[in-house]
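Enquirer: Here you go, this is target34.cif (mmCIF, C-alpha atoms).
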data_run
loop_
_atom_site.group_PDB
_atom_site.id
_atom_site.type_symbol
_atom_site.label_atom_id
_atom_site.label_comp_id
_atom_site.auth_asym_id
_atom_site.auth_seq_id
_atom_site.Cartn_x
_atom_site.Cartn_y
_atom_site.Cartn_z
ATOM 1 C CA ILE A 1 -39.363 18.694 30.126
ATOM 2 C CA ALA A 2 -37.447 18.610 33.409
ATOM 3 C CA SER A 3 -38.060 16.674 36.600
ATOM 4 C CA GLU A 4 -38.730 18.492 39.876
ATOM 5 C CA ASP A 5 -35.136 18.241 41.139
ATOM 6 C CA GLU A 6 -33.465 19.582 37.959
ATOM 7 C CA VAL A 7 -32.383 23.197 37.563
ATOM 8 C CA VAL A 8 -33.081 25.019 34.321
ATOM 9 C CA ARG A 9 -30.235 27.443 33.633
ATOM 10 C CA PHE A 10 -30.452 30.756 31.820
ATOM 11 C CA SER A 11 -28.996 30.998 28.339
ATOM 12 C CA GLN A 12 -25.386 32.203 28.163
ATOM 13 C CA TYR A 13 -25.956 33.797 24.764
ATOM 14 C CA LYS A 14 -25.250 37.442 24.264
ATOM 15 C CA LYS A 15 -27.895 39.812 22.942
ATOM 16 C CA GLU A 16 -27.689 42.070 19.923
ATOM 17 C CA GLY A 17 -25.867 45.256 20.877
ATOM 18 C CA ASP A 18 -23.843 43.626 23.685
ATOM 19 C CA ARG A 19 -20.137 44.434 23.800
ATOM 20 C CA VAL A 20 -18.017 41.254 23.662
ATOM 21 C CA GLN A 21 -14.372 40.245 23.601
ATOM 22 C CA ILE A 22 -13.035 37.556 21.275
ATOM 23 C CA VAL A 23 -11.113 34.932 23.272
ATOM 24 C CA GLY A 24 -9.859 32.563 20.577
ATOM 25 C CA GLY A 25 -8.481 32.490 17.063
ATOM 26 C CA PRO A 26 -6.496 35.107 15.171
ATOM 27 C CA LEU A 27 -8.691 37.971 16.457
ATOM 28 C CA SER A 28 -8.214 37.008 20.097
ATOM 29 C CA GLY A 29 -8.234 40.048 22.386
ATOM 30 C CA ARG A 30 -10.264 42.264 20.047
ATOM 31 C CA GLU A 31 -13.557 43.759 21.171
ATOM 32 C CA GLY A 32 -16.708 44.110 19.130
ATOM 33 C CA ILE A 33 -20.479 44.469 19.243
ATOM 34 C CA VAL A 34 -22.933 41.608 18.692
ATOM 35 C CA ILE A 35 -24.829 42.163 15.444
ATOM 36 C CA LYS A 36 -26.809 38.924 15.284
ATOM 37 C CA THR A 37 -27.024 35.632 17.172
ATOM 38 C CA ASN A 38 -28.065 32.154 16.067
ATOM 39 C CA PRO A 39 -28.354 29.981 19.198
ATOM 40 C CA ARG A 40 -29.485 26.942 17.198
ATOM 41 C CA LYS A 41 -26.252 26.913 15.170
ATOM 42 C CA LYS A 42 -24.204 28.325 18.081
ATOM 43 C CA ARG A 43 -22.953 31.224 15.929
ATOM 44 C CA ILE A 44 -22.606 34.958 16.638
ATOM 45 C CA LYS A 45 -21.971 37.761 14.151
ATOM 46 C CA VAL A 46 -19.790 40.451 15.681
ATOM 47 C CA GLY A 47 -18.896 43.875 14.301
ATOM 48 C CA VAL A 48 -15.141 44.403 14.796
ATOM 49 C CA ARG A 49 -13.060 47.430 13.771
ATOM 50 C CA LEU A 50 -10.314 46.232 11.404
ATOM 51 C CA LEU A 51 -8.139 48.513 9.280
ATOM 52 C CA GLY A 52 -10.279 51.514 10.200
ATOM 53 C CA GLU A 53 -13.586 49.948 9.140
ATOM 54 C CA ILE A 54 -16.237 47.853 10.868
ATOM 55 C CA GLN A 55 -16.129 44.271 9.579
ATOM 56 C CA ILE A 56 -18.806 41.671 10.359
ATOM 57 C CA ILE A 57 -17.169 38.475 11.627
ATOM 58 C CA ASP A 58 -19.076 35.179 11.970
ATOM 59 C CA LEU A 59 -17.791 33.315 15.044
ATOM 60 C CA GLY A 60 -18.609 30.266 17.098
ATOM 61 C CA ALA A 61 -20.446 31.323 20.271
ATOM 62 C CA GLU A 62 -17.721 29.780 22.442
ATOM 63 C CA LEU A 63 -15.172 32.289 21.090
ATOM 64 C CA VAL A 64 -16.706 35.371 22.743
ATOM 65 C CA VAL A 65 -17.207 36.486 26.331
#
Once you've parsed the file, please lay out its structure as structure tokens.
Expert:
Amino acid sequence: IASEDEVVRFSQYKKEGDRVQIVGGPLSGREGIVIKTNPRKKRIKVGVRLLGEIQIIDLGAELVV
């Protein structure tokens, strides 16, 4: 898969239960908890408190840190 001089990097994906911050879009700055990840589609479902309730938001993986 890789030649001897190449470096295989670890995945940057968050795990379920990790606390994340949204860094883009209208919810930028909000924090939430990872509910589910889909590395193949580069999507993450995050539980975010909005209007006093937890809402599940489907985001692109590049929008959370």
Enquirer: Return as a PyMOL selection string the set of residues that the PyMOL selection byres ((chain A and resi 33) around 7) yields on the displayed structure.
Expert: chain A and resi 17-20+32+34-35+46-48
Enquirer: Just so the selection is clear, what residues does the PyMOL selection byres ((chain A and resi 21-27) around 7) cover here, as JSON, numbers by chain?
Expert: {"A": [20, 28, 29, 30, 31, 32, 63, 64, 65]}
Enquirer: Could you jot down the CA of Glu53 in chain A to CA of Lys36 in chain A separation for me, Å, one decimal place?
Expert: 18.3 Å
Enquirer: Report the distance between CA of Gln55 in chain A and CA of Glu16 in chain A in Å, rounded to one decimal place.
Expert: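 Those two atoms sit 15.7 Å apart.
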Enquirer: Run the PyMOL selection byres ((chain A and resi 39-42) around 12) mentally over the shown coordinates, then write out the matched residues as JSON, numbers by chain, using the chain letters and numbers from the document.
Expert: {"A": [11, 12, 13, 14, 15, 36, 37, 38, 43, 44, 45, 58, 59, 60, 61, 62, 63, 64]}
Enquirer: Write the residues of the preceding selection, restricted to C-alpha atoms, as a PDB file, keeping the file's coordinate frame.
Expert:
ATOM      1  CA  SER A  11     -28.996  30.998  28.339  1.00  0.00           C
ATOM      2  CA  GLN A  12     -25.386  32.203  28.163  1.00  0.00           C
ATOM      3  CA  TYR A  13     -25.956  33.797  24.764  1.00  0.00           C
ATOM      4  CA  LYS A  14     -25.250  37.442  24.264  1.00  0.00           C
ATOM      5  CA  LYS A  15     -27.895  39.812  22.942  1.00  0.00           C
ATOM      6  CA  LYS A  36     -26.809  38.924  15.284  1.00  0.00           C
ATOM      7  CA  THR A  37     -27.024  35.632  17.172  1.00  0.00           C
ATOM      8  CA  ASN A  38     -28.065  32.154  16.067  1.00  0.00           C
ATOM      9  CA  ARG A  43     -22.953  31.224  15.929  1.00  0.00           C
ATOM     10  CA  ILE A  44     -22.606  34.958  16.638  1.00  0.00           C
ATOM     11  CA  LYS A  45     -21.971  37.761  14.151  1.00  0.00           C
ATOM     12  CA  ASP A  58     -19.076  35.179  11.970  1.00  0.00           C
ATOM     13  CA  LEU A  59     -17.791  33.315  15.044  1.00  0.00           C
ATOM     14  CA  GLY A  60     -18.609  30.266  17.098  1.00  0.00           C
ATOM     15  CA  ALA A  61     -20.446  31.323  20.271  1.00  0.00           C
ATOM     16  CA  GLU A  62     -17.721  29.780  22.442  1.00  0.00           C
ATOM     17  CA  LEU A  63     -15.172  32.289  21.090  1.00  0.00           C
ATOM     18  CA  VAL A  64     -16.706  35.371  22.743  1.00  0.00           C
TER      19      VAL A  64
END
Enquirer: Let me know the centre plus edge lengths, in Å and rounded to one decimal, of a box with edges along x, y and z that contains all listed atoms of range 28-46 of chain A and is padded by 3 Å on every side, as AutoDock Vina command-line options.
Expert:
--center_x -18.8 --center_y 35.7 --center_z 18.3 --size_x 27.3 --size_y 23.6 --size_z 14.2
